[in-house]
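What follows is structure_33.cif (mmCIF, C-alpha atoms).
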```
data_coords
loop_
_atom_site.label_atom_id
_atom_site.label_comp_id
_atom_site.auth_asym_id
_atom_site.auth_seq_id
_atom_site.Cartn_x
_atom_site.Cartn_y
_atom_site.Cartn_z
CA MET N 1 166.03 13.74 18.90
CA LYS N 2 168.44 16.46 19.99
CA PHE N 3 166.97 19.95 20.07
CA VAL N 4 170.06 21.42 21.75
CA PHE N 5 173.28 21.31 19.73
CA GLY N 6 176.87 22.44 19.86
CA PRO N 7 178.40 24.66 20.95
CA VAL N 8 179.01 25.78 17.37
CA PRO N 9 181.03 28.75 16.11
CA SER N 10 178.89 31.84 15.50
CA LYS N 11 179.84 34.96 13.57
CA ARG N 12 178.30 37.12 16.28
CA LEU N 13 178.16 35.04 19.43
CA GLY N 14 181.44 33.13 19.71
CA GLN N 15 180.86 29.52 20.78
CA SER N 16 177.07 29.26 20.85
CA LEU N 17 175.00 26.49 22.42
CA GLY N 18 172.08 26.31 20.00
CA ILE N 19 168.46 25.59 20.84
CA ASP N 20 166.16 24.58 17.99
CA PRO N 21 162.56 24.67 19.29
CA ILE N 22 160.77 24.07 15.97
CA PRO N 23 160.82 21.46 13.18
CA LEU N 24 162.56 22.03 9.86
CA LYS N 25 161.38 24.32 8.25
CA THR N 26 158.74 26.12 10.31
CA CYS N 27 158.70 29.77 9.29
CA ASN N 28 156.44 32.64 8.32
CA TRP N 29 159.02 33.89 5.81
CA ASN N 30 160.43 32.29 2.66
CA CYS N 31 163.64 34.29 2.19
CA VAL N 32 165.39 34.01 -1.14
CA TYR N 33 168.76 33.59 0.62
CA CYS N 34 167.76 31.13 3.36
CA GLN N 35 170.39 28.43 3.92
CA LEU N 36 167.63 25.99 4.92
CA GLY N 37 165.93 26.17 1.53
CA ARG N 38 162.39 27.24 0.70
CA THR N 39 159.60 27.30 3.27
CA ARG N 40 156.82 24.87 2.26
CA PRO N 41 154.28 25.92 3.43
CA VAL N 42 154.74 29.35 5.00
CA ILE N 43 153.33 29.04 8.55
CA LEU N 44 152.00 31.73 10.88
CA GLU N 45 150.50 29.59 13.66
CA ARG N 46 152.30 29.74 17.02
CA SER N 47 152.35 26.40 18.81
CA ASN N 48 154.31 24.26 21.26
CA TRP N 49 156.09 22.59 18.38
CA VAL N 50 158.59 20.86 20.67
CA ASP N 51 158.04 19.91 24.33
CA PRO N 52 159.71 22.67 26.41
CA ALA N 53 160.50 20.20 29.21
CA THR N 54 162.52 18.08 26.78
CA ILE N 55 164.46 21.13 25.62
CA LEU N 56 165.25 22.20 29.19
CA VAL N 57 166.53 18.73 30.10
CA GLN N 58 168.86 18.84 27.10
CA VAL N 59 170.06 22.34 28.05
CA ARG N 60 170.84 21.15 31.60
CA ASP N 61 172.77 18.19 30.22
CA ALA N 62 174.79 20.40 27.82
CA LEU N 63 175.63 22.92 30.56
CA ARG N 64 176.75 20.06 32.84
CA ASP N 65 178.97 18.59 30.13
CA HIS N 66 180.80 21.83 29.28
CA GLY N 67 183.18 23.70 31.50
CA PRO N 68 183.72 27.43 32.08
CA GLY N 69 184.57 29.31 28.91
CA GLU N 70 183.38 26.61 26.52
CA ILE N 71 180.01 28.28 25.89
CA ASP N 72 179.77 32.02 25.24
CA TRP N 73 176.01 32.25 24.58
CA VAL N 74 172.93 30.07 24.76
CA THR N 75 171.05 30.85 21.55
CA PHE N 76 167.53 30.20 20.32
CA VAL N 77 168.05 29.75 16.60
CA GLY N 78 165.39 27.60 15.03
CA SER N 79 165.06 25.69 11.80
CA GLY N 80 162.84 28.60 10.82
CA GLU N 81 161.37 31.22 13.20
CA PRO N 82 161.82 30.42 16.94
CA ALA N 83 159.14 32.94 18.00
CA LEU N 84 156.58 30.57 16.49
CA HIS N 85 157.07 28.48 19.64
CA LEU N 86 154.51 29.50 22.27
CA GLY N 87 156.86 28.63 25.13
CA LEU N 88 159.78 30.81 24.04
CA GLY N 89 159.54 33.28 26.93
CA ASP N 90 159.18 30.60 29.61
CA MET N 91 162.16 28.70 28.21
CA ILE N 92 164.35 31.83 28.19
CA ARG N 93 163.48 32.56 31.80
CA GLU N 94 164.05 28.95 32.89
CA ILE N 95 167.47 28.87 31.25
CA LYS N 96 168.49 32.13 32.90
CA CYS N 97 167.72 30.45 36.23
CA LEU N 98 170.11 27.63 35.29
CA THR N 99 173.15 29.64 34.19
CA ASP N 100 174.82 33.04 34.08
CA ILE N 101 175.69 32.50 30.40
CA PRO N 102 173.79 35.13 28.39
CA VAL N 103 170.82 34.09 26.27
CA ALA N 104 170.24 35.33 22.71
CA VAL N 105 167.36 34.98 20.26
CA ILE N 106 167.97 35.02 16.51
CA THR N 107 164.63 35.94 14.97
CA ASN N 108 163.16 37.52 11.87
CA GLY N 109 161.35 39.92 14.23
CA SER N 110 158.09 39.82 12.32
CA LEU N 111 156.05 38.60 15.32
CA LEU N 112 157.18 41.39 17.63
CA TYR N 113 154.00 43.29 16.81
CA LEU N 114 152.34 40.81 19.22
CA ALA N 115 152.59 41.95 22.85
CA GLU N 116 153.13 38.38 24.07
CA VAL N 117 156.11 37.90 21.75
CA ARG N 118 157.67 41.18 22.88
CA GLU N 119 157.18 40.10 26.49
CA ALA N 120 158.85 36.75 25.77
CA MET N 121 161.94 38.31 24.21
CA LEU N 122 162.38 40.97 26.90
CA ALA N 123 163.98 38.26 29.03
CA ALA N 124 166.82 37.67 26.54
CA ASP N 125 170.21 39.34 26.88
CA ALA N 126 170.42 39.94 23.12
CA VAL N 127 167.84 39.90 20.36
CA LEU N 128 169.03 39.68 16.76
CA PRO N 129 166.14 40.45 14.37
CA THR N 130 166.30 40.68 10.60
CA LEU N 131 165.73 43.89 8.66
CA ASP N 132 166.77 43.44 5.04
CA ALA N 133 164.60 46.08 3.37
CA GLY N 134 163.69 49.71 3.80
CA ASN N 135 160.33 49.45 2.00
CA ALA N 136 157.43 47.04 1.65
CA GLU N 137 158.07 46.08 -1.98
CA LEU N 138 161.67 45.04 -1.35
CA TYR N 139 160.59 43.23 1.83
CA ARG N 140 158.20 41.09 -0.22
CA ARG N 141 160.86 40.39 -2.85
CA ILE N 142 163.60 39.35 -0.40
CA ASN N 143 161.76 37.83 2.57
CA ARG N 144 158.61 36.61 0.80
CA PRO N 145 156.54 36.65 4.02
CA HIS N 146 153.19 35.16 4.92
CA PRO N 147 150.49 37.56 3.62
CA GLU N 148 149.65 38.62 7.18
CA SER N 149 153.31 39.35 8.01
CA THR N 150 153.29 42.83 6.53
CA TYR N 151 156.14 45.32 6.45
CA GLU N 152 154.09 47.74 8.54
CA ARG N 153 153.71 45.09 11.25
CA LEU N 154 157.41 44.32 11.11
CA LEU N 155 158.39 47.96 11.72
CA GLU N 156 155.63 48.42 14.31
CA GLY N 157 156.88 45.44 16.30
CA LEU N 158 160.55 46.41 16.17
CA LEU N 159 159.88 49.97 17.31
CA ALA N 160 157.53 48.86 20.11
CA PHE N 161 160.10 46.34 21.32
CA ARG N 162 162.91 48.90 21.25
CA GLU N 163 160.91 51.17 23.57
CA ARG N 164 161.05 48.63 26.40
CA TYR N 165 164.04 46.44 25.66
CA THR N 166 167.20 47.12 27.67
CA GLY N 167 169.37 44.31 26.30
CA LYS N 168 171.49 44.27 23.16
CA LEU N 169 169.50 44.86 19.98
CA TRP N 170 171.60 43.70 17.04
CA PRO N 171 169.57 43.63 13.79
CA GLU N 172 171.06 41.83 10.81
CA VAL N 173 170.96 42.81 7.15
CA MET N 174 171.57 39.99 4.68
CA LEU N 175 172.94 41.79 1.64
CA VAL N 176 171.94 40.33 -1.73
CA HIS N 177 173.52 41.58 -4.94
CA GLY N 178 171.13 43.69 -7.01
CA LEU N 179 168.41 43.82 -4.36
CA ASN N 180 169.36 45.65 -1.17
CA ASP N 181 172.96 46.65 -1.90
CA THR N 182 172.03 49.63 -4.08
CA GLU N 183 172.43 53.22 -2.90
CA GLU N 184 168.67 53.78 -2.83
CA ALA N 185 167.93 50.60 -0.87
CA LEU N 186 170.69 51.27 1.66
CA LYS N 187 169.58 54.86 2.26
CA GLU N 188 166.05 53.64 3.02
CA LEU N 189 167.48 51.08 5.43
CA ALA N 190 169.57 53.78 7.12
CA GLU N 191 166.38 55.76 7.76
CA ARG N 192 164.76 52.74 9.41
CA PHE N 193 167.77 52.19 11.64
CA ARG N 194 167.86 55.84 12.69
CA ALA N 195 164.31 55.40 13.98
CA LEU N 196 165.06 52.04 15.62
CA GLN N 197 168.31 53.09 17.33
CA PRO N 198 169.89 49.61 17.57
CA ASP N 199 173.12 49.00 19.46
CA GLU N 200 174.77 47.62 16.31
CA VAL N 201 173.75 46.64 12.79
CA HIS N 202 175.30 43.41 11.51
CA LEU N 203 175.99 43.11 7.79
CA ASN N 204 175.98 39.58 6.46
CA VAL N 205 176.27 37.99 3.02
CA PRO N 206 175.12 34.58 1.73
CA THR N 207 177.92 32.07 2.34
CA ARG N 208 175.84 28.92 2.75
CA PRO N 209 173.52 27.55 0.04
CA PRO N 210 170.74 30.08 -0.62
CA ALA N 211 167.25 28.83 -1.38
CA GLU N 212 167.30 30.42 -4.83
CA VAL N 213 170.05 29.58 -7.29
CA TRP N 214 170.27 33.17 -8.60
CA VAL N 215 171.13 34.72 -5.21
CA GLU N 216 174.64 36.18 -5.08
CA PRO N 217 176.54 38.14 -2.42
CA PRO N 218 177.38 41.78 -3.11
CA ASP N 219 180.74 42.66 -4.59
CA GLU N 220 183.35 44.67 -2.70
CA GLU N 221 181.91 47.93 -4.01
CA GLY N 222 178.50 46.96 -2.63
CA MET N 223 179.99 46.16 0.78
CA MET N 224 181.86 49.48 0.87
CA ARG N 225 178.65 51.27 -0.06
CA ALA N 226 176.76 49.53 2.75
CA ARG N 227 179.37 50.43 5.35
CA ALA N 228 179.46 54.04 4.19
CA ILE N 229 175.70 54.59 4.10
CA LEU N 230 174.75 52.68 7.25
CA GLY N 231 177.47 54.37 9.25
CA GLY N 232 179.43 53.61 12.38
CA ILE N 233 176.93 51.23 13.95
CA ALA N 234 177.29 48.81 11.01
CA ARG N 235 179.65 45.86 11.48
CA VAL N 236 180.55 43.40 8.74
CA LEU N 237 180.31 39.79 9.87
CA HIS N 238 183.28 37.64 8.95
CA PRO N 239 183.31 33.83 8.76
CA ALA N 240 183.08 32.27 12.20
CA GLU N 241 186.17 30.64 13.65
CA GLY N 242 185.99 27.70 16.01
CA SER N 243 184.93 24.07 16.10
CA PHE N 244 181.57 22.31 16.01
CA ASP N 245 181.18 20.29 19.20
CA LEU N 246 179.62 16.99 18.15
CA SER N 247 180.71 15.09 21.27
CA GLY N 248 177.08 14.54 22.27
CA TYR N 249 176.65 12.12 19.35
CA GLU N 250 177.78 8.51 19.47
CA ASP N 251 176.82 7.68 15.87
CA VAL N 252 178.40 9.51 12.93
CA HIS N 253 175.14 9.36 10.94
CA ASP N 254 173.25 11.16 13.71
CA ALA N 255 176.05 13.71 14.08
CA ILE N 256 175.96 14.54 10.37
CA VAL N 257 172.19 14.95 10.26
CA GLY N 258 172.23 16.94 13.50
CA VAL N 259 174.66 19.54 12.20
CA ILE N 260 173.53 19.88 8.56
CA THR N 261 169.87 20.27 9.56
CA ARG N 262 170.74 23.61 11.17
CA HIS N 263 173.97 24.47 9.34
CA PRO N 264 174.33 23.25 5.75
CA MET N 265 178.06 22.87 5.29
CA ARG N 266 180.71 22.72 2.61
CA GLU N 267 181.97 19.18 2.23
CA GLU N 268 185.47 19.94 3.51
CA GLU N 269 184.07 21.95 6.43
CA LEU N 270 181.81 19.05 7.40
CA GLU N 271 184.69 16.60 7.24
CA ARG N 272 186.72 18.81 9.60
CA ALA N 273 183.81 18.96 12.03
CA LEU N 274 183.64 15.15 11.99
CA ALA N 275 187.35 14.68 12.69
CA MET N 276 186.61 12.55 15.77
CA TRP N 277 185.50 9.81 13.37
CA ASP N 278 187.67 7.93 10.88
CA SER N 279 187.63 9.57 7.43
CA GLU N 280 186.54 6.36 5.73
CA ALA N 281 183.65 6.02 8.18
CA VAL N 282 182.61 9.60 7.42
CA ALA N 283 182.70 9.01 3.65
CA GLN N 284 180.68 5.83 4.05
CA ALA N 285 178.15 7.58 6.29
CA LEU N 286 177.66 10.43 3.82
CA SER N 287 177.01 8.01 0.99
CA GLU N 288 174.57 6.01 3.10
CA LEU N 289 172.71 9.12 4.25
CA GLU N 290 172.32 10.37 0.68
CA ALA N 291 171.18 6.98 -0.56
CA SER N 292 168.59 6.71 2.22
CA ASN N 293 167.25 10.24 1.59
CA ARG N 294 168.43 11.66 4.93
CA ALA N 295 171.01 14.04 3.40
CA GLN N 296 171.58 15.75 0.07
CA VAL N 297 174.22 17.66 -1.83
CA VAL N 298 173.28 21.17 -2.98
CA GLU N 299 175.49 23.12 -5.37
CA ARG N 300 175.66 26.88 -5.02
CA PHE N 301 178.43 29.33 -6.04
CA GLY N 302 180.12 26.35 -7.72
CA VAL N 303 180.56 24.67 -4.32
CA ARG N 304 179.12 21.42 -2.93
CA PHE N 305 177.17 21.79 0.33
CA TRP N 306 175.62 19.04 2.45
CA SER N 307 172.14 19.75 3.77
CA ALA N 308 169.29 17.80 5.37
CA ALA N 309 167.23 15.91 2.79
CA PRO N 310 163.87 17.49 3.75
CA ALA N 311 165.21 20.97 2.88
CA TYR N 312 163.99 22.10 -0.55
CA TYR N 313 166.31 23.94 -2.92
CA PRO N 314 164.72 24.47 -6.34
CA GLY N 315 166.76 24.86 -9.46
CA GLU N 316 169.89 23.26 -10.76
CA GLY N 317 172.54 21.77 -8.55
CA GLN N 318 170.39 19.76 -6.11
CA SER N 319 171.20 16.08 -5.77
CA ARG N 320 168.49 13.43 -5.90
CA ALA N 321 168.69 9.93 -4.49
CA SER N 322 167.45 8.61 -7.86
CA ASP N 323 170.19 10.38 -9.83
CA PRO N 324 172.59 7.69 -11.11
CA THR N 325 175.44 10.21 -11.21
CA ARG N 326 175.12 11.23 -7.57
CA ARG N 327 178.06 10.90 -5.18
CA LYS N 328 179.00 7.29 -4.40
CA GLY N 329 181.89 8.07 -2.09
CA ARG N 330 184.71 10.46 -1.47
CA ASP N 331 186.35 9.77 -4.84
CA ALA N 332 183.25 10.11 -7.00
CA GLU N 333 182.91 13.51 -8.63
#
```
Go through the file and emit its structure as structure tokens.
Amino acid sequence: MKFVFGPVPSKRLGQSLGIDPIPLKTCNWNCVYCQLGRTRPVILERSNWVDPATILVQVRDALRDHGPGEIDWVTFVGSGEPALHLGLGDMIREIKCLTDIPVAVITNGSLLYLAEVREAMLAADAVLPTLDAGNAELYRRINRPHPESTYERLLEGLLAFRERYTGKLWPEVMLVHGLNDTEEALKELAERFRALQPDEVHLNVPTRPPAEVWVEPPDEEGMMRARAILGGIARVLHPAEGSFDLSGYEDVHDAIVGVITRHPMREEELERALAMWDSEAVAQALSELEASNRAQVVERFGVRFWSAAPAYYPGEGQSRASDPTRRKGRDAE
């Protein structure tokens, strides 16, 4: 199995070589907007989920196979929370011995209250934690954390990490209509960021299939309000431009599963990423993967997305292998 993928286009990191050190979906949060579906169960245990030696071999191979300028960042971005891997710090340090390409960690930040997790992430060139809420109640409503992952611990960890960290601290806010895009919610977030003093704050909106069917992105007024209240350090993230490098896959079935496990994709976007294969072969592979319960179609915002079959999206719009009306090929709608 490939734990290193891409490079893939990233809204914040250009062409990013991704490292996925945990199984789908291993997380201590169950965010309402998560593109990987619901977390079942919510997990707090840190473990060596994937052999670090295997990951490092795959990183070496990917670096060897790509020339200068083809990879902008090497990024730990798990199918859940990468800090749940006990070997995160060692892997970051090993990779920095292999290449001058900067290393980033995309994390929910909730484990930074642990000294060993802060120590692990100090080695990264950029850390991108999540801070969606300015109070504990909203944190529970949006991020739905493990009971031990309290809001107080989240803030404690972020502030303690900021005191020592000299790299780029780029927290992300995922804005959800009616939850954290109100004036009150944004003013509370602004207070938290004034205390944290990040280098930038990245504003994102749900564009891939959220776990909950009722989740919607903010309207333009909500985005304007967020930019105004959060101030000059806030940057709106726009859709990433670039191509998904799937050259490491020989089989189209494996390529599809490899990309949609980490990045559920619109059907047309997935077909573009698979352009190295014949379109008929891609259509056949998608039908076969759905029939064999390795892939599924999820409908959100009136759009069809392809996602890995183990991902769980409750509510209407999720395809089932037993559904006689499910997609039978490119022409079946």
I'd like to see the residues matched by the PyMOL selection byres ((chain N and resi 6-10) around 9) on this file, and ideally I'd get them as a VMD selection string. chain N and resid 4 to 5 11 to 18 62 70 to 74 239 to 248 259
Expansion of the PyMOL selection byres ((chain N and resi 208-219) around 7) into residues, as a PyMOL selection string: chain N and resi 32-38+175-177+181+205-207+220-223+264-265+300+305+313-315
Kindly give the distance, in Å, that separates CA of Asn293 (chain N) and CA of Trp306 (chain N), rounded to a single decimal.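 Computed distance, CA of Asn293 (chain N) to CA of Trp306 (chain N), equals 12.2 Å.
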Evaluated on this file, the PyMOL selection byres ((chain N and resi 283-287) around 12) picks out some residues - which ones are they, written as an mmCIF file with C-alpha atoms, keeping the file's coordinate frame?
```
data_model
loop_
_atom_site.group_PDB
_atom_site.id
_atom_site.type_symbol
_atom_site.label_atom_id
_atom_site.label_comp_id
_atom_site.auth_asym_id
_atom_site.auth_seq_id
_atom_site.Cartn_x
_atom_site.Cartn_y
_atom_site.Cartn_z
ATOM 1 C CA ASP N 251 176.820 7.680 15.870
ATOM 2 C CA VAL N 252 178.400 9.510 12.930
ATOM 3 C CA HIS N 253 175.140 9.360 10.940
ATOM 4 C CA ASP N 254 173.250 11.160 13.710
ATOM 5 C CA ALA N 255 176.050 13.710 14.080
ATOM 6 C CA ILE N 256 175.960 14.540 10.370
ATOM 7 C CA VAL N 257 172.190 14.950 10.260
ATOM 8 C CA ILE N 260 173.530 19.880 8.560
ATOM 9 C CA GLU N 267 181.970 19.180 2.230
ATOM 10 C CA GLU N 268 185.470 19.940 3.510
ATOM 11 C CA LEU N 270 181.810 19.050 7.400
ATOM 12 C CA GLU N 271 184.690 16.600 7.240
ATOM 13 C CA LEU N 274 183.640 15.150 11.990
ATOM 14 C CA ALA N 275 187.350 14.680 12.690
ATOM 15 C CA TRP N 277 185.500 9.810 13.370
ATOM 16 C CA ASP N 278 187.670 7.930 10.880
ATOM 17 C CA SER N 279 187.630 9.570 7.430
ATOM 18 C CA GLU N 280 186.540 6.360 5.730
ATOM 19 C CA ALA N 281 183.650 6.020 8.180
ATOM 20 C CA VAL N 282 182.610 9.600 7.420
ATOM 21 C CA GLU N 288 174.570 6.010 3.100
ATOM 22 C CA LEU N 289 172.710 9.120 4.250
ATOM 23 C CA GLU N 290 172.320 10.370 0.680
ATOM 24 C CA ALA N 291 171.180 6.980 -0.560
ATOM 25 C CA SER N 292 168.590 6.710 2.220
ATOM 26 C CA ASN N 293 167.250 10.240 1.590
ATOM 27 C CA ARG N 294 168.430 11.660 4.930
ATOM 28 C CA ALA N 295 171.010 14.040 3.400
ATOM 29 C CA GLN N 296 171.580 15.750 0.070
ATOM 30 C CA VAL N 297 174.220 17.660 -1.830
ATOM 31 C CA PHE N 305 177.170 21.790 0.330
ATOM 32 C CA TRP N 306 175.620 19.040 2.450
ATOM 33 C CA SER N 307 172.140 19.750 3.770
ATOM 34 C CA ALA N 308 169.290 17.800 5.370
ATOM 35 C CA ALA N 309 167.230 15.910 2.790
ATOM 36 C CA ALA N 321 168.690 9.930 -4.490
ATOM 37 C CA ARG N 326 175.120 11.230 -7.570
ATOM 38 C CA ARG N 327 178.060 10.900 -5.180
ATOM 39 C CA LYS N 328 179.000 7.290 -4.400
ATOM 40 C CA GLY N 329 181.890 8.070 -2.090
ATOM 41 C CA ARG N 330 184.710 10.460 -1.470
ATOM 42 C CA ASP N 331 186.350 9.770 -4.840
ATOM 43 C CA ALA N 332 183.250 10.110 -7.000
#
```
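In this model, the gap between CA of Asp90 (chain N) and CA of Pro198 (chain N) comes to 24.9 Å.
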note - CA of His238 (chain N) and CA of Leu203 (chain N) are separated by 9.2 Å
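Proximity to Ile233 (chain N) at 9 Å, evaluated using only C-alpha atoms and with sequence-adjacent residues fewer than 3 positions away removed, yields Pro198, Asp199, Glu200, Val201, His202, Arg227 and Leu230 of chain N.
Proximity ranking of N:Leu169, N:Ile101, N:Ala226, N:Ala83 relative to Glu116 (chain N) places N:Ala83 first, based on all atoms listed in the file.
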Give me region 219-249 of chain N with N, CA and C atoms filled in, as a PDB file, in the frame of the given file.
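Resulting contents of selection.pdb:
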```
ATOM      1  N   ASP N 219     179.311  42.548  -4.343  1.00  0.00           N
ATOM      2  CA  ASP N 219     180.740  42.660  -4.590  1.00  0.00           C
ATOM      3  C   ASP N 219     181.353  43.617  -3.565  1.00  0.00           C
ATOM      4  N   GLU N 220     182.655  43.822  -3.668  1.00  0.00           N
ATOM      5  CA  GLU N 220     183.350  44.670  -2.700  1.00  0.00           C
ATOM      6  C   GLU N 220     182.823  46.102  -2.729  1.00  0.00           C
ATOM      7  N   GLU N 221     182.469  46.580  -3.910  1.00  0.00           N
ATOM      8  CA  GLU N 221     181.910  47.930  -4.010  1.00  0.00           C
ATOM      9  C   GLU N 221     180.587  48.019  -3.248  1.00  0.00           C
ATOM     10  N   GLY N 222     179.760  46.973  -3.353  1.00  0.00           N
ATOM     11  CA  GLY N 222     178.500  46.960  -2.630  1.00  0.00           C
ATOM     12  C   GLY N 222     178.703  46.948  -1.126  1.00  0.00           C
ATOM     13  N   MET N 223     179.707  46.200  -0.651  1.00  0.00           N
ATOM     14  CA  MET N 223     179.990  46.160   0.780  1.00  0.00           C
ATOM     15  C   MET N 223     180.501  47.520   1.266  1.00  0.00           C
ATOM     16  N   MET N 224     181.361  48.158   0.493  1.00  0.00           N
ATOM     17  CA  MET N 224     181.860  49.480   0.870  1.00  0.00           C
ATOM     18  C   MET N 224     180.718  50.476   0.927  1.00  0.00           C
ATOM     19  N   ARG N 225     179.798  50.379  -0.038  1.00  0.00           N
ATOM     20  CA  ARG N 225     178.650  51.270  -0.060  1.00  0.00           C
ATOM     21  C   ARG N 225     177.779  51.069   1.180  1.00  0.00           C
ATOM     22  N   ALA N 226     177.575  49.821   1.571  1.00  0.00           N
ATOM     23  CA  ALA N 226     176.760  49.530   2.750  1.00  0.00           C
ATOM     24  C   ALA N 226     177.395  50.099   4.010  1.00  0.00           C
ATOM     25  N   ARG N 227     178.692  49.907   4.156  1.00  0.00           N
ATOM     26  CA  ARG N 227     179.370  50.430   5.350  1.00  0.00           C
ATOM     27  C   ARG N 227     179.295  51.952   5.387  1.00  0.00           C
ATOM     28  N   ALA N 228     179.460  52.579   4.237  1.00  0.00           N
ATOM     29  CA  ALA N 228     179.460  54.040   4.190  1.00  0.00           C
ATOM     30  C   ALA N 228     178.089  54.615   4.501  1.00  0.00           C
ATOM     31  N   ILE N 229     177.046  54.024   3.941  1.00  0.00           N
ATOM     32  CA  ILE N 229     175.700  54.590   4.100  1.00  0.00           C
ATOM     33  C   ILE N 229     175.100  54.260   5.462  1.00  0.00           C
ATOM     34  N   LEU N 230     175.346  53.059   5.965  1.00  0.00           N
ATOM     35  CA  LEU N 230     174.750  52.680   7.250  1.00  0.00           C
ATOM     36  C   LEU N 230     175.531  53.226   8.436  1.00  0.00           C
ATOM     37  N   GLY N 231     176.760  53.623   8.224  1.00  0.00           N
ATOM     38  CA  GLY N 231     177.470  54.370   9.250  1.00  0.00           C
ATOM     39  C   GLY N 231     178.190  53.531  10.284  1.00  0.00           C
ATOM     40  N   GLY N 232     178.564  54.209  11.372  1.00  0.00           N
ATOM     41  CA  GLY N 232     179.430  53.610  12.380  1.00  0.00           C
ATOM     42  C   GLY N 232     178.841  52.451  13.147  1.00  0.00           C
ATOM     43  N   ILE N 233     177.511  52.337  13.196  1.00  0.00           N
ATOM     44  CA  ILE N 233     176.930  51.230  13.950  1.00  0.00           C
ATOM     45  C   ILE N 233     176.950  49.926  13.155  1.00  0.00           C
ATOM     46  N   ALA N 234     177.301  49.990  11.862  1.00  0.00           N
ATOM     47  CA  ALA N 234     177.290  48.810  11.010  1.00  0.00           C
ATOM     48  C   ALA N 234     178.598  48.039  11.168  1.00  0.00           C
ATOM     49  N   ARG N 235     178.480  46.727  11.327  1.00  0.00           N
ATOM     50  CA  ARG N 235     179.650  45.860  11.480  1.00  0.00           C
ATOM     51  C   ARG N 235     179.520  44.700  10.495  1.00  0.00           C
ATOM     52  N   VAL N 236     180.551  44.501   9.694  1.00  0.00           N
ATOM     53  CA  VAL N 236     180.550  43.400   8.740  1.00  0.00           C
ATOM     54  C   VAL N 236     180.885  42.105   9.463  1.00  0.00           C
ATOM     55  N   LEU N 237     180.078  41.080   9.238  1.00  0.00           N
ATOM     56  CA  LEU N 237     180.310  39.790   9.870  1.00  0.00           C
ATOM     57  C   LEU N 237     181.266  38.966   9.011  1.00  0.00           C
ATOM     58  N   HIS N 238     182.316  38.481   9.643  1.00  0.00           N
ATOM     59  CA  HIS N 238     183.280  37.640   8.950  1.00  0.00           C
ATOM     60  C   HIS N 238     183.041  36.179   9.304  1.00  0.00           C
ATOM     61  N   PRO N 239     183.541  35.257   8.480  1.00  0.00           N
ATOM     62  CA  PRO N 239     183.310  33.830   8.760  1.00  0.00           C
ATOM     63  C   PRO N 239     183.700  33.462  10.182  1.00  0.00           C
ATOM     64  N   ALA N 240     182.846  32.657  10.814  1.00  0.00           N
ATOM     65  CA  ALA N 240     183.080  32.270  12.200  1.00  0.00           C
ATOM     66  C   ALA N 240     184.280  31.341  12.305  1.00  0.00           C
ATOM     67  N   GLU N 241     185.051  31.523  13.367  1.00  0.00           N
ATOM     68  CA  GLU N 241     186.170  30.640  13.650  1.00  0.00           C
ATOM     69  C   GLU N 241     185.834  29.820  14.891  1.00  0.00           C
ATOM     70  N   GLY N 242     186.276  28.570  14.885  1.00  0.00           N
ATOM     71  CA  GLY N 242     185.990  27.700  16.010  1.00  0.00           C
ATOM     72  C   GLY N 242     185.544  26.339  15.509  1.00  0.00           C
ATOM     73  N   SER N 243     185.264  25.448  16.449  1.00  0.00           N
ATOM     74  CA  SER N 243     184.930  24.070  16.100  1.00  0.00           C
ATOM     75  C   SER N 243     183.487  23.753  16.452  1.00  0.00           C
ATOM     76  N   PHE N 244     182.894  22.821  15.707  1.00  0.00           N
ATOM     77  CA  PHE N 244     181.570  22.310  16.010  1.00  0.00           C
ATOM     78  C   PHE N 244     181.721  21.176  17.020  1.00  0.00           C
ATOM     79  N   ASP N 245     181.108  21.325  18.178  1.00  0.00           N
ATOM     80  CA  ASP N 245     181.180  20.290  19.200  1.00  0.00           C
ATOM     81  C   ASP N 245     180.107  19.249  18.928  1.00  0.00           C
ATOM     82  N   LEU N 246     180.538  18.085  18.461  1.00  0.00           N
ATOM     83  CA  LEU N 246     179.620  16.990  18.150  1.00  0.00           C
ATOM     84  C   LEU N 246     179.809  15.836  19.139  1.00  0.00           C
ATOM     85  N   SER N 247     180.396  16.139  20.293  1.00  0.00           N
ATOM     86  CA  SER N 247     180.710  15.090  21.270  1.00  0.00           C
ATOM     87  C   SER N 247     179.451  14.451  21.860  1.00  0.00           C
ATOM     88  N   GLY N 248     178.310  15.108  21.727  1.00  0.00           N
ATOM     89  CA  GLY N 248     177.080  14.540  22.270  1.00  0.00           C
ATOM     90  C   GLY N 248     176.514  13.419  21.413  1.00  0.00           C
ATOM     91  N   TYR N 249     177.136  13.168  20.249  1.00  0.00           N
ATOM     92  CA  TYR N 249     176.650  12.120  19.350  1.00  0.00           C
ATOM     93  C   TYR N 249     177.577  10.912  19.411  1.00  0.00           C
TER      94      TYR N 249
END
```
